[in-house]
file model_3.cif (mmCIF, C-alpha atoms)
data_model
#
loop_
_atom_site.label_atom_id
_atom_site.label_comp_id
_atom_site.auth_asym_id
_atom_site.auth_seq_id
_atom_site.Cartn_x
_atom_site.Cartn_y
_atom_site.Cartn_z
CA MET A 199 14.52 -51.31 -25.30
CA SER A 200 13.85 -54.65 -27.00
CA LEU A 201 12.34 -54.80 -30.48
CA ALA A 202 9.14 -56.31 -29.02
CA GLU A 203 8.84 -53.44 -26.53
CA MET A 204 9.41 -51.00 -29.35
CA GLU A 205 6.53 -52.55 -31.30
CA ASN A 206 4.21 -51.74 -28.39
CA VAL A 207 5.49 -48.17 -28.11
CA VAL A 208 5.03 -47.59 -31.85
CA ALA A 209 1.55 -49.14 -31.83
CA LYS A 210 0.44 -46.81 -29.05
CA ALA A 211 1.94 -43.76 -30.76
CA PHE A 212 0.20 -44.59 -34.04
CA SER A 213 -3.18 -45.19 -32.36
CA ASP A 214 -2.87 -41.92 -30.43
CA GLU A 215 -2.06 -39.91 -33.56
CA PHE A 216 -4.52 -41.62 -35.92
CA PRO A 217 -7.65 -42.58 -33.95
CA ASP A 218 -9.64 -42.80 -37.22
CA ALA A 219 -7.37 -45.55 -38.57
CA VAL A 220 -7.28 -49.18 -37.44
CA LEU A 221 -3.81 -50.53 -36.74
CA VAL A 222 -3.33 -53.88 -38.46
CA GLY A 223 0.18 -54.56 -37.26
CA VAL A 224 3.62 -53.22 -36.38
CA ALA A 225 6.80 -55.08 -37.27
CA VAL A 226 10.24 -54.00 -36.04
CA ASN A 227 13.29 -55.69 -37.55
CA HIS A 228 17.02 -55.15 -37.21
CA ALA A 229 19.49 -55.20 -40.13
CA ARG A 230 22.88 -53.78 -41.09
CA ASN A 231 23.01 -51.70 -44.25
CA SER A 232 25.73 -51.56 -46.90
CA ASP A 233 27.47 -48.70 -45.06
CA GLY A 234 27.82 -50.94 -42.00
CA ILE A 235 25.21 -48.95 -40.08
CA ASP A 236 22.68 -50.72 -37.83
CA VAL A 237 19.16 -50.02 -38.99
CA ILE A 238 15.77 -50.86 -37.53
CA TRP A 239 12.94 -51.20 -40.01
CA VAL A 240 9.60 -50.22 -38.51
CA ASP A 241 6.67 -51.25 -40.69
CA ILE A 242 3.25 -49.95 -39.66
CA GLU A 243 0.20 -51.37 -41.43
CA TYR A 244 -3.23 -49.78 -41.07
CA ASN A 245 -6.77 -49.83 -42.42
CA GLY A 246 -9.05 -46.83 -42.76
CA GLY A 247 -7.56 -43.39 -42.22
CA SER A 248 -6.29 -41.67 -45.31
CA VAL A 249 -3.60 -41.97 -47.96
CA PRO A 250 -1.56 -39.94 -47.60
CA LEU A 251 -1.69 -39.57 -43.84
CA ASP A 252 -1.23 -36.18 -42.22
CA ALA A 253 2.51 -35.46 -42.50
CA GLU A 254 2.78 -33.73 -39.12
CA LYS A 255 1.17 -36.66 -37.34
CA MET A 256 3.38 -39.14 -39.19
CA GLN A 257 6.38 -37.12 -38.00
CA ASP A 258 5.08 -37.27 -34.43
CA VAL A 259 5.09 -41.08 -34.68
CA VAL A 260 8.58 -40.98 -36.21
CA ASP A 261 9.77 -38.83 -33.27
CA VAL A 262 8.58 -41.53 -30.87
CA VAL A 263 10.46 -44.19 -32.85
CA TRP A 264 13.67 -42.11 -32.79
CA SER A 265 13.40 -41.61 -29.04
CA ALA A 266 12.90 -45.35 -28.50
CA ALA A 267 15.74 -46.31 -30.86
CA GLY A 268 18.49 -44.56 -28.90
CA ASP A 269 21.77 -43.36 -30.39
CA GLU A 270 23.02 -46.57 -31.98
CA LEU A 271 20.31 -47.35 -34.52
CA SER A 272 19.06 -45.67 -37.70
CA PRO A 273 15.25 -45.92 -37.72
CA VAL A 274 13.37 -46.37 -41.00
CA VAL A 275 9.61 -46.00 -40.64
CA SER A 276 7.02 -47.04 -43.26
CA PHE A 277 3.27 -46.39 -43.12
CA ALA A 278 1.36 -48.83 -45.35
CA SER A 279 -2.40 -48.68 -45.95
CA LYS A 280 -3.44 -52.31 -46.43
CA GLU A 281 -6.88 -51.17 -47.49
CA ALA A 282 -5.50 -48.92 -50.23
CA GLU A 283 -3.24 -51.69 -51.51
CA ARG A 284 -6.15 -54.14 -51.58
CA LEU A 285 -8.42 -51.72 -53.42
CA GLU A 286 -5.71 -50.87 -55.92
CA ALA A 287 -4.88 -54.49 -56.52
CA ALA A 288 -8.56 -55.16 -57.23
CA GLU A 289 -8.78 -52.40 -59.85
CA MET B 193 13.52 -20.61 -59.90
CA LYS B 194 12.49 -24.10 -58.89
CA GLN B 195 15.05 -26.04 -56.88
CA LEU B 196 16.32 -29.38 -58.17
CA SER B 197 14.97 -30.90 -54.94
CA ASP B 198 11.44 -29.68 -55.78
CA GLU B 199 11.75 -31.08 -59.31
CA LEU B 200 12.74 -34.47 -57.93
CA LEU B 201 9.73 -34.42 -55.62
CA ASP B 202 7.56 -33.60 -58.67
CA CYS B 203 9.15 -36.56 -60.52
CA ALA B 204 8.09 -38.89 -57.69
CA LYS B 205 4.55 -37.50 -57.80
CA LYS B 206 4.33 -37.88 -61.59
CA ARG B 207 5.46 -41.48 -61.48
CA LEU B 208 2.51 -42.26 -59.19
CA SER B 209 -0.02 -39.94 -60.83
CA THR B 210 -1.15 -42.31 -63.59
CA GLU B 211 -3.88 -44.91 -63.15
CA VAL B 212 -2.95 -47.33 -60.43
CA SER B 213 -3.16 -50.30 -62.77
CA SER B 214 -0.45 -48.80 -64.97
CA ILE B 215 2.01 -48.05 -62.14
CA THR B 216 4.88 -50.51 -62.38
CA GLU B 217 7.32 -51.87 -59.83
CA SER B 218 10.02 -49.74 -61.43
CA ASP B 219 7.84 -46.61 -61.06
CA LEU B 220 7.59 -47.31 -57.33
CA ARG B 221 11.32 -47.94 -56.98
CA ARG B 222 12.28 -44.86 -58.97
CA ALA B 223 9.81 -42.72 -56.98
CA GLN B 224 11.37 -43.91 -53.71
CA SER B 225 14.81 -43.04 -55.09
CA ASP B 226 13.58 -39.60 -56.28
CA LEU B 227 12.39 -38.79 -52.76
CA TYR B 228 15.80 -39.53 -51.24
CA TYR B 229 17.59 -37.44 -53.83
CA ALA B 230 15.10 -34.59 -53.32
CA VAL B 231 16.28 -34.30 -49.71
CA PHE B 232 19.95 -35.00 -50.61
CA HIS B 233 20.02 -32.22 -53.22
CA ALA B 234 18.22 -29.83 -50.87
CA ILE B 235 21.13 -30.28 -48.44
CA CYS B 236 23.73 -29.89 -51.25
CA SER B 237 21.95 -26.71 -52.41
CA ALA B 238 22.05 -25.34 -48.88
CA LEU B 239 25.80 -25.99 -48.78
CA VAL B 240 26.48 -23.76 -51.80
CA GLU B 241 23.73 -21.27 -50.95
CA PRO B 242 26.11 -18.71 -49.39
CA LEU B 243 28.12 -18.58 -52.63
CA ASN B 244 25.06 -17.02 -54.28
CA ALA B 245 26.42 -17.99 -57.69
CA VAL B 246 24.80 -16.60 -60.80
CA LYS B 247 27.51 -16.29 -63.46
CA LEU B 248 30.40 -18.56 -62.80
CA SER B 249 33.97 -18.25 -63.96
CA LYS B 250 35.70 -21.54 -64.74
CA ALA B 251 37.66 -21.43 -61.49
CA PHE B 252 34.58 -20.53 -59.49
CA SER B 253 32.64 -23.36 -61.16
CA ARG B 254 35.27 -25.86 -60.07
CA ILE B 255 35.02 -24.76 -56.46
CA TYR B 256 31.21 -24.64 -56.61
CA VAL B 257 30.94 -28.17 -58.02
CA ALA B 258 33.56 -29.48 -55.60
CA ILE B 259 31.60 -28.21 -52.60
CA TYR B 260 28.29 -29.42 -54.05
CA ARG B 261 29.71 -32.88 -54.61
CA TYR B 262 31.54 -33.09 -51.27
CA PRO B 263 28.76 -34.85 -49.29
CA ASP B 264 29.24 -38.60 -48.77
CA HIS B 265 26.00 -40.59 -48.41
CA GLY B 266 27.20 -43.05 -45.76
CA LYS B 267 28.92 -40.44 -43.59
CA MET B 268 25.88 -38.20 -43.88
CA GLU B 269 23.71 -41.00 -42.49
CA GLN B 270 26.01 -41.33 -39.48
CA HIS B 271 25.94 -37.61 -38.78
CA ALA B 272 22.20 -37.32 -39.53
CA ARG B 273 21.48 -40.06 -37.00
CA LYS B 274 23.16 -38.01 -34.27
CA LEU B 275 21.43 -34.79 -35.35
CA GLY B 276 18.06 -36.55 -35.58
CA SER B 277 18.18 -37.58 -31.95
CA ASN B 278 19.58 -34.29 -30.62
CA ALA B 279 16.71 -32.74 -28.67
CA ASP B 280 18.55 -29.41 -28.46
CA LEU B 281 18.13 -28.78 -32.20
CA PRO B 282 15.05 -27.11 -33.73
CA ARG B 283 12.30 -29.62 -34.54
CA GLU B 284 12.49 -28.93 -38.30
CA VAL B 285 16.23 -29.60 -38.34
CA ARG B 286 15.84 -32.80 -36.34
CA ARG B 287 13.11 -34.00 -38.66
CA THR B 288 15.13 -33.23 -41.79
CA ALA B 289 17.94 -35.37 -40.37
CA GLN B 290 15.49 -38.16 -39.52
CA ALA B 291 13.94 -38.09 -42.98
CA PHE B 292 17.39 -38.23 -44.58
CA VAL B 293 18.22 -41.45 -42.71
CA ASP B 294 14.83 -42.96 -43.48
CA LEU B 295 14.89 -42.14 -47.20
CA LYS B 296 18.52 -43.13 -47.70
CA ASN B 297 17.85 -46.66 -46.47
CA LYS B 298 14.62 -46.97 -48.45
CA ARG B 299 16.41 -45.76 -51.55
CA GLN B 300 19.12 -48.41 -51.10
CA GLU B 301 16.46 -51.09 -50.90
CA ALA B 302 14.64 -49.72 -53.94
CA ASP B 303 17.77 -49.45 -56.07
CA TYR B 304 19.77 -52.50 -55.00
CA ASN B 305 17.52 -55.17 -53.49
CA PRO B 306 15.66 -57.04 -56.24
CA LEU B 307 13.68 -59.01 -53.64
CA SER B 308 12.30 -56.01 -51.75
CA THR B 309 8.63 -55.13 -52.24
CA HIS B 310 7.33 -51.59 -52.66
CA GLU B 311 3.82 -50.47 -51.90
CA ASN B 312 2.02 -47.58 -53.49
CA SER B 313 0.58 -46.32 -50.20
CA ILE B 314 3.99 -46.23 -48.48
CA ILE B 315 5.45 -44.07 -51.22
CA ARG B 316 2.39 -41.79 -51.28
CA ASN B 317 2.83 -41.28 -47.53
CA ASP B 318 6.54 -40.59 -48.09
CA ILE B 319 5.73 -38.04 -50.80
CA GLN B 320 3.48 -36.23 -48.33
CA LYS B 321 6.23 -36.29 -45.70
CA VAL B 322 8.92 -35.01 -48.10
CA GLU B 323 6.66 -32.24 -49.45
CA THR B 324 6.05 -30.95 -45.91
CA LEU B 325 9.69 -31.43 -44.97
CA LEU B 326 11.08 -29.48 -47.95
CA ARG B 327 8.63 -26.64 -47.35
CA ASP B 328 9.81 -26.43 -43.73
CA PHE B 329 13.48 -26.80 -44.77
CA TRP B 330 13.35 -23.82 -47.13
CA SER B 331 11.39 -21.82 -44.54
CA LEU B 332 14.20 -22.12 -42.01
CA SER B 333 16.44 -19.08 -41.59
CA ASP B 334 19.47 -19.17 -43.91
CA GLU B 335 21.74 -19.43 -40.91
CA VAL B 336 19.98 -22.49 -39.44
CA ARG B 337 19.66 -24.25 -42.80
CA ILE B 338 23.30 -23.73 -43.74
CA ASP B 339 24.46 -24.72 -40.26
CA PHE B 340 22.54 -27.99 -40.64
CA ALA B 341 24.05 -28.63 -44.09
CA LEU B 342 27.55 -28.04 -42.69
CA GLN B 343 26.94 -30.33 -39.73
CA VAL B 344 25.38 -33.20 -41.63
CA THR B 345 28.07 -33.17 -44.33
CA ARG B 346 30.91 -32.23 -41.96
CA LEU B 347 32.24 -29.87 -44.62
CA GLU B 348 33.17 -27.63 -41.70
CA ARG B 349 35.30 -29.50 -39.16
#
call {"tool": "encode", "arguments": {"input": "model_3.cif", "output": "C-alpha coordinates"}}
result
Amino acid sequence: MSLAEMENVVAKAFSDEFPDAVLVGVAVNHARNSDGIDVIWVDIEYNGGSVPLDAEKMQDVVDVVWSAAGDELSPVVSFASKEAERLEAAE
Amino acid sequence: MKQLSDELLDCAKKRLSTEVSSITESDLRRAQSDLYYAVFHAICSALVEPLNAVKLSKAFSRIYVAIYRYPDHGKMEQHARKLGSNADLPREVRRTAQAFVDLKNKRQEADYNPLSTHENSIIRNDIQKVETLLRDFWSLSDEVRIDFALQVTRLER
(Lines of atoms letter the chains of each structure in order from A and count residues from 1; the text may use other names and numbers.)
(Lines give C-alpha, C1' and ligand atoms only; values in the text may rest on other atoms or scores of the structure.)
Protein backbone atom coordinates (compact mmCIF):
# COMPACT_ATOMS: atom_id res chain seq x y z
CA MET A 1 0.00 0.00 0.00
CA SER A 2 1.33 3.44 -0.92
CA LEU A 3 1.62 6.19 1.70
CA ALA A 4 -1.14 8.15 -0.07
CA GLU A 5 -3.46 5.12 0.03
CA MET A 6 -2.64 4.70 3.69
CA GLU A 7 -3.66 8.30 4.37
CA ASN A 8 -7.12 7.51 2.99
CA VAL A 9 -7.43 4.32 5.04
CA VAL A 10 -6.42 6.15 8.23
CA ALA A 11 -8.79 9.05 7.51
CA LYS A 12 -11.72 6.67 7.13
CA ALA A 13 -10.80 4.74 10.29
CA PHE A 14 -10.56 7.96 12.32
CA SER A 15 -13.88 9.31 11.01
CA ASP A 16 -15.60 5.99 11.74
CA GLU A 17 -14.29 5.87 15.31
CA PHE A 18 -14.74 9.56 16.15
CA PRO A 19 -17.84 10.86 14.36
CA ASP A 20 -18.03 13.80 16.82
CA ALA A 21 -14.59 15.07 15.75
CA VAL A 22 -13.73 16.81 12.49
CA LEU A 23 -10.67 15.45 10.74
CA VAL A 24 -8.36 18.29 9.71
CA GLY A 25 -5.70 16.19 8.03
CA VAL A 26 -3.68 12.98 7.95
CA ALA A 27 0.00 12.93 7.06
CA VAL A 28 1.96 9.71 6.53
CA ASN A 29 5.75 9.95 6.23
CA HIS A 30 8.51 7.39 5.98
CA ALA A 31 11.84 7.60 7.86
CA ARG A 32 14.57 5.33 9.18
CA ASN A 33 15.30 5.55 12.90
CA SER A 34 18.66 5.36 14.68
CA ASP A 35 18.32 1.57 15.07
CA GLY A 36 18.09 1.25 11.28
CA ILE A 37 14.39 0.36 11.44
CA ASP A 38 11.94 1.72 8.84
CA VAL A 39 9.25 3.79 10.51
CA ILE A 40 6.10 5.42 9.20
CA TRP A 41 4.93 8.48 11.07
CA VAL A 42 1.15 8.87 10.95
CA ASP A 43 0.01 12.28 12.15
CA ILE A 44 -3.74 12.75 12.59
CA GLU A 45 -5.03 16.27 13.24
CA TYR A 46 -8.59 16.90 14.36
CA ASN A 47 -10.95 19.57 15.67
CA GLY A 48 -13.76 19.03 18.15
CA GLY A 49 -13.95 15.67 19.90
CA SER A 50 -12.19 15.47 23.21
CA VAL A 51 -8.70 15.59 24.70
CA PRO A 52 -7.87 12.96 25.60
CA LEU A 53 -9.71 10.82 23.09
CA ASP A 54 -11.21 7.50 24.11
CA ALA A 55 -8.23 5.13 24.44
CA GLU A 56 -10.05 2.08 23.08
CA LYS A 57 -11.13 3.95 19.96
CA MET A 58 -7.62 5.34 19.45
CA GLN A 59 -6.34 1.77 19.64
CA ASP A 60 -8.89 0.70 17.03
CA VAL A 61 -7.44 3.33 14.67
CA VAL A 62 -3.92 2.16 15.53
CA ASP A 63 -4.94 -1.44 14.68
CA VAL A 64 -6.01 -0.27 11.22
CA VAL A 65 -2.66 1.48 10.72
CA TRP A 66 -0.74 -1.65 11.75
CA SER A 67 -2.74 -3.80 9.35
CA ALA A 68 -2.08 -1.36 6.51
CA ALA A 69 1.64 -1.03 7.33
CA GLY A 70 2.47 -4.71 6.78
CA ASP A 71 5.42 -6.50 8.37
CA GLU A 72 8.26 -4.24 7.27
CA LEU A 73 7.37 -0.93 8.89
CA SER A 74 7.10 0.31 12.47
CA PRO A 75 4.02 2.56 12.69
CA VAL A 76 4.01 5.60 14.99
CA VAL A 77 0.59 7.21 15.34
CA SER A 78 -0.08 10.67 16.83
CA PHE A 79 -3.49 12.21 17.52
CA ALA A 80 -3.28 16.02 17.72
CA SER A 81 -6.20 18.28 18.62
CA LYS A 82 -5.59 21.48 16.66
CA GLU A 83 -8.41 23.16 18.52
CA ALA A 84 -6.87 22.36 21.92
CA GLU A 85 -3.47 23.62 20.79
CA ARG A 86 -5.01 26.85 19.49
CA LEU A 87 -6.97 27.47 22.68
CA GLU A 88 -3.94 26.74 24.83
CA ALA A 89 -1.72 28.98 22.77
CA ALA A 90 -4.25 31.79 23.21
CA GLU A 91 -4.28 31.46 27.00
CA MET B 1 3.17 -1.49 46.13
CA LYS B 2 3.11 0.83 43.15
CA GLN B 3 5.06 -0.35 40.13
CA LEU B 4 7.85 1.83 38.73
CA SER B 5 5.87 1.87 35.46
CA ASP B 6 2.87 3.43 37.24
CA GLU B 7 5.11 6.03 38.87
CA LEU B 8 6.54 6.99 35.49
CA LEU B 9 3.03 7.38 34.11
CA ASP B 10 2.24 9.62 37.11
CA CYS B 11 5.39 11.67 36.35
CA ALA B 12 4.12 12.29 32.81
CA LYS B 13 0.73 13.37 34.16
CA LYS B 14 2.29 15.71 36.73
CA ARG B 15 4.45 17.41 34.12
CA LEU B 16 1.29 18.33 32.21
CA SER B 17 -0.93 19.04 35.21
CA THR B 18 0.14 22.65 35.77
CA GLU B 19 -1.42 25.61 33.97
CA VAL B 20 -0.96 25.27 30.25
CA SER B 21 0.91 28.56 30.02
CA SER B 22 3.59 27.25 32.38
CA ILE B 23 4.16 23.94 30.56
CA THR B 24 7.52 24.12 28.81
CA GLU B 25 8.95 22.35 25.79
CA SER B 26 11.13 20.31 28.13
CA ASP B 27 8.05 19.26 30.16
CA LEU B 28 6.49 17.90 26.96
CA ARG B 29 9.68 16.10 25.93
CA ARG B 30 10.25 14.60 29.37
CA ALA B 31 6.59 13.49 29.56
CA GLN B 32 6.91 11.72 26.20
CA SER B 33 10.06 10.00 27.47
CA ASP B 34 8.34 9.03 30.77
CA LEU B 35 5.56 7.31 28.82
CA TYR B 36 8.01 5.14 26.88
CA TYR B 37 9.88 4.15 30.02
CA ALA B 38 6.58 3.37 31.79
CA VAL B 39 5.93 0.65 29.20
CA PHE B 40 9.61 -0.41 29.04
CA HIS B 41 9.81 -0.91 32.82
CA ALA B 42 6.46 -2.73 32.86
CA ILE B 43 8.02 -5.29 30.48
CA CYS B 44 11.24 -5.49 32.56
CA SER B 45 9.14 -6.00 35.72
CA ALA B 46 7.23 -8.80 34.02
CA LEU B 47 10.54 -10.47 33.15
CA VAL B 48 11.61 -10.72 36.80
CA GLU B 49 8.09 -11.30 38.10
CA PRO B 50 8.50 -15.09 38.43
CA LEU B 51 11.52 -14.57 40.72
CA ASN B 52 9.13 -13.07 43.28
CA ALA B 53 12.05 -11.39 45.00
CA VAL B 54 11.55 -9.79 48.39
CA LYS B 55 14.83 -10.08 50.29
CA LEU B 56 17.75 -10.51 48.02
CA SER B 57 21.12 -12.05 48.73
CA LYS B 58 24.05 -10.42 46.94
CA ALA B 59 24.26 -13.26 44.42
CA PHE B 60 20.52 -13.22 43.85
CA SER B 61 20.61 -9.44 43.38
CA ARG B 62 23.21 -9.80 40.65
CA ILE B 63 21.07 -12.28 38.75
CA TYR B 64 17.92 -10.20 39.31
CA VAL B 65 19.54 -7.01 38.01
CA ALA B 66 21.15 -8.83 35.10
CA ILE B 67 17.79 -10.17 33.92
CA TYR B 68 16.07 -6.81 34.50
CA ARG B 69 18.70 -5.03 32.47
CA TYR B 70 18.88 -7.63 29.69
CA PRO B 71 16.33 -6.00 27.32
CA ASP B 72 17.83 -4.07 24.38
CA HIS B 73 15.67 -1.20 23.10
CA GLY B 74 16.40 -1.62 19.38
CA LYS B 75 16.00 -5.40 19.36
CA MET B 76 12.80 -5.07 21.37
CA GLU B 77 11.37 -2.78 18.68
CA GLN B 78 12.12 -5.39 16.01
CA HIS B 79 10.46 -8.16 17.99
CA ALA B 80 7.57 -5.92 19.10
CA ARG B 81 6.84 -5.05 15.48
CA LYS B 82 6.36 -8.73 14.67
CA LEU B 83 4.25 -9.35 17.79
CA GLY B 84 2.15 -6.23 17.10
CA SER B 85 1.07 -7.53 13.73
CA ASN B 86 0.52 -11.14 14.81
CA ALA B 87 -3.25 -11.61 14.68
CA ASP B 88 -2.98 -14.91 16.58
CA LEU B 89 -1.96 -13.13 19.79
CA PRO B 90 -4.46 -11.76 22.34
CA ARG B 91 -5.52 -8.19 21.53
CA GLU B 92 -4.00 -6.77 24.74
CA VAL B 93 -0.62 -8.35 23.97
CA ARG B 94 -0.68 -7.09 20.39
CA ARG B 95 -1.55 -3.60 21.56
CA THR B 96 1.21 -3.57 24.18
CA ALA B 97 3.69 -4.43 21.44
CA GLN B 98 2.26 -1.72 19.18
CA ALA B 99 2.43 0.89 21.93
CA PHE B 100 6.03 -0.06 22.69
CA VAL B 101 7.06 0.62 19.07
CA ASP B 102 5.09 3.87 18.96
CA LEU B 103 6.44 5.24 22.24
CA LYS B 104 10.03 4.18 21.60
CA ASN B 105 10.18 6.21 18.40
CA LYS B 106 8.44 9.21 19.96
CA ARG B 107 10.84 9.06 22.89
CA GLN B 108 13.84 9.09 20.52
CA GLU B 109 12.47 12.19 18.84
CA ALA B 110 11.77 13.87 22.18
CA ASP B 111 15.19 13.10 23.62
CA TYR B 112 17.48 13.46 20.60
CA ASN B 113 15.89 15.64 17.92
CA PRO B 114 16.17 19.32 18.88
CA LEU B 115 14.10 20.33 15.84
CA SER B 116 11.09 18.12 16.58
CA THR B 117 7.94 19.80 17.88
CA HIS B 118 5.79 18.41 20.68
CA GLU B 119 2.15 19.18 21.22
CA ASN B 120 0.32 19.10 24.49
CA SER B 121 -2.74 17.34 23.05
CA ILE B 122 -0.66 14.52 21.51
CA ILE B 123 0.97 13.74 24.83
CA ARG B 124 -2.35 13.94 26.69
CA ASN B 125 -3.77 11.41 24.23
CA ASP B 126 -0.67 9.23 24.74
CA ILE B 127 -1.09 9.42 28.53
CA GLN B 128 -4.66 8.16 28.13
CA LYS B 129 -3.46 5.33 25.89
CA VAL B 130 -0.65 4.28 28.26
CA GLU B 131 -2.93 4.40 31.31
CA THR B 132 -5.41 2.03 29.62
CA LEU B 133 -2.60 -0.12 28.27
CA LEU B 134 -0.85 -0.60 31.63
CA ARG B 135 -4.15 -1.44 33.32
CA ASP B 136 -4.79 -4.12 30.67
CA PHE B 137 -1.15 -5.33 30.84
CA TRP B 138 -1.30 -5.97 34.59
CA SER B 139 -4.74 -7.58 34.21
CA LEU B 140 -3.38 -10.23 31.87
CA SER B 141 -2.76 -13.66 33.37
CA ASP B 142 0.80 -14.04 34.73
CA GLU B 143 1.50 -16.68 32.12
CA VAL B 144 0.48 -14.49 29.16
CA ARG B 145 2.26 -11.39 30.50
CA ILE B 146 5.52 -13.23 31.18
CA ASP B 147 5.34 -15.03 27.85
CA PHE B 148 5.05 -11.64 26.12
CA ALA B 149 8.01 -10.24 28.09
CA LEU B 150 10.12 -13.26 27.12
CA GLN B 151 9.15 -12.98 23.46
CA VAL B 152 9.67 -9.24 23.10
CA THR B 153 13.05 -9.32 24.85
CA ARG B 154 14.08 -12.72 23.45
CA LEU B 155 15.49 -13.60 26.86
CA GLU B 156 14.24 -17.11 26.12
CA ARG B 157 15.58 -18.36 22.79
call {"tool": "closest_residue", "arguments": {"input": "model_3.cif", "among": "A:Ala288, A:Ile235, A:Val260, A:Ala253", "to": "Gln270 (chain B)", "atoms": "all atoms listed in the file"}}
result
A:Ile235
call {"tool": "axis_aligned_box", "arguments": {"input": "model_3.cif", "around": "region 254-264 of chain A", "padding_each_side": "6 Å", "output": "lines of an AutoDock Vina configuration file"}}
result
center_x = 7.4
center_y = -39.0
center_z = -35.0
size_x = 24.5
size_y = 22.5
size_z = 20.3
call {"tool": "resolve_selection", "arguments": {"input": "model_3.cif", "expression": "the PyMOL selection byres ((chain B) within 6 of (chain A))", "output": "PyMOL selection string"}}
result
chain B and resi 266+294+313-314+316-317+320-321
call {"tool": "resolve_selection", "arguments": {"input": "model_3.cif", "expression": "the PyMOL selection byres ((chain B and resi 197-213) around 9)", "output": "PyMOL selection string"}}
result
(chain A and resi 286-287+289) or (chain B and resi 194-196+214-216+219-220+222-235+237+312+315-316+319+322-323+326)
call {"tool": "residues_near_point", "arguments": {"input": "model_3.cif", "point": "(30.1, -37.3, -50.2)", "cutoff": "12 Å", "atoms": "only C-alpha atoms", "output": "count of residues only"}}
result
20
call {"tool": "closest_residue", "arguments": {"input": "model_3.cif", "among": "B:Ala279, B:Ser218, B:Ala289, B:Tyr256", "to": "Pro242 (chain B)", "atoms": "only C-alpha atoms"}}
result
B:Tyr256
call {"tool": "resolve_selection", "arguments": {"input": "model_3.cif", "expression": "the PyMOL selection byres ((chain B and resi 338) around 9)", "output": "MDAnalysis selection string"}}
result
chainID B and resid 235 238:242 333:337 339:343
call {"tool": "write_last_selection", "arguments": {"input": "model_3.cif", "atoms": "C-alpha atoms", "output": "PDB file, in the coordinates of the input"}}
result
ATOM      1  CA  ILE B 235      21.130 -30.280 -48.440  1.00  0.00           C
ATOM      2  CA  ALA B 238      22.050 -25.340 -48.880  1.00  0.00           C
ATOM      3  CA  LEU B 239      25.800 -25.990 -48.780  1.00  0.00           C
ATOM      4  CA  VAL B 240      26.480 -23.760 -51.800  1.00  0.00           C
ATOM      5  CA  GLU B 241      23.730 -21.270 -50.950  1.00  0.00           C
ATOM      6  CA  PRO B 242      26.110 -18.710 -49.390  1.00  0.00           C
ATOM      7  CA  SER B 333      16.440 -19.080 -41.590  1.00  0.00           C
ATOM      8  CA  ASP B 334      19.470 -19.170 -43.910  1.00  0.00           C
ATOM      9  CA  GLU B 335      21.740 -19.430 -40.910  1.00  0.00           C
ATOM     10  CA  VAL B 336      19.980 -22.490 -39.440  1.00  0.00           C
ATOM     11  CA  ARG B 337      19.660 -24.250 -42.800  1.00  0.00           C
ATOM     12  CA  ASP B 339      24.460 -24.720 -40.260  1.00  0.00           C
ATOM     13  CA  PHE B 340      22.540 -27.990 -40.640  1.00  0.00           C
ATOM     14  CA  ALA B 341      24.050 -28.630 -44.090  1.00  0.00           C
ATOM     15  CA  LEU B 342      27.550 -28.040 -42.690  1.00  0.00           C
ATOM     16  CA  GLN B 343      26.940 -30.330 -39.730  1.00  0.00           C
TER      17      GLN B 343
END
call {"tool": "atom_distance", "arguments": {"input": "model_3.cif", "atom1": "CA of Val257 (chain B)", "atom2": "CA of Asp328 (chain B)"}}
result
25.6 Å
call {"tool": "build_atoms", "arguments": {"input": "model_3.cif", "residues": "region 289-310 of chain B", "atoms": "N, CA and C atoms", "output": "CSV table (one decimal), in the coordinates of the input"}}
result
chain,number,residue,atom,x,y,z
B,289,ALA,N,16.9,-34.3,-40.6
B,289,ALA,CA,17.9,-35.4,-40.4
B,289,ALA,C,17.3,-36.8,-40.3
B,290,GLN,N,16.2,-36.9,-39.6
B,290,GLN,CA,15.5,-38.2,-39.5
B,290,GLN,C,15.0,-38.6,-40.9
B,291,ALA,N,14.5,-37.7,-41.6
B,291,ALA,CA,13.9,-38.1,-43.0
B,291,ALA,C,15.1,-38.5,-43.9
B,292,PHE,N,16.2,-37.9,-43.8
B,292,PHE,CA,17.4,-38.2,-44.6
B,292,PHE,C,17.8,-39.7,-44.3
B,293,VAL,N,17.9,-40.1,-43.1
B,293,VAL,CA,18.2,-41.4,-42.7
B,293,VAL,C,17.2,-42.4,-43.3
B,294,ASP,N,15.9,-42.1,-43.0
B,294,ASP,CA,14.8,-43.0,-43.5
B,294,ASP,C,14.9,-43.2,-45.0
B,295,LEU,N,15.0,-42.1,-45.7
B,295,LEU,CA,14.9,-42.1,-47.2
B,295,LEU,C,16.1,-42.8,-47.8
B,296,LYS,N,17.3,-42.5,-47.2
B,296,LYS,CA,18.5,-43.1,-47.7
B,296,LYS,C,18.4,-44.7,-47.7
B,297,ASN,N,17.9,-45.2,-46.6
B,297,ASN,CA,17.8,-46.7,-46.5
B,297,ASN,C,16.8,-47.2,-47.4
B,298,LYS,N,15.7,-46.5,-47.5
B,298,LYS,CA,14.6,-47.0,-48.4
B,298,LYS,C,15.1,-46.9,-49.9
B,299,ARG,N,15.9,-45.9,-50.2
B,299,ARG,CA,16.4,-45.8,-51.6
B,299,ARG,C,17.4,-46.9,-51.9
B,300,GLN,N,18.2,-47.3,-50.9
B,300,GLN,CA,19.1,-48.4,-51.1
B,300,GLN,C,18.4,-49.7,-51.4
B,301,GLU,N,17.3,-49.9,-50.7
B,301,GLU,CA,16.5,-51.1,-50.9
B,301,GLU,C,15.8,-51.0,-52.3
B,302,ALA,N,15.3,-49.9,-52.7
B,302,ALA,CA,14.6,-49.7,-53.9
B,302,ALA,C,15.6,-49.9,-55.1
B,303,ASP,N,16.8,-49.4,-54.9
B,303,ASP,CA,17.8,-49.4,-56.1
B,303,ASP,C,18.6,-50.7,-56.1
B,304,TYR,N,18.8,-51.4,-55.0
B,304,TYR,CA,19.8,-52.5,-55.0
B,304,TYR,C,19.2,-53.9,-54.5
B,305,ASN,N,18.0,-53.9,-54.0
B,305,ASN,CA,17.5,-55.2,-53.5
B,305,ASN,C,16.4,-55.6,-54.4
B,306,PRO,N,16.7,-56.6,-55.3
B,306,PRO,CA,15.7,-57.0,-56.2
B,306,PRO,C,14.5,-57.8,-55.6
B,307,LEU,N,14.7,-58.2,-54.3
B,307,LEU,CA,13.7,-59.0,-53.6
B,307,LEU,C,12.8,-58.1,-52.8
B,308,SER,N,13.1,-56.9,-52.6
B,308,SER,CA,12.3,-56.0,-51.8
B,308,SER,C,11.0,-55.7,-52.5
B,309,THR,N,9.9,-55.5,-51.7
B,309,THR,CA,8.6,-55.1,-52.2
B,309,THR,C,8.3,-53.7,-51.9
B,310,HIS,N,7.6,-53.0,-52.8
B,310,HIS,CA,7.3,-51.6,-52.7
B,310,HIS,C,5.9,-51.3,-52.8
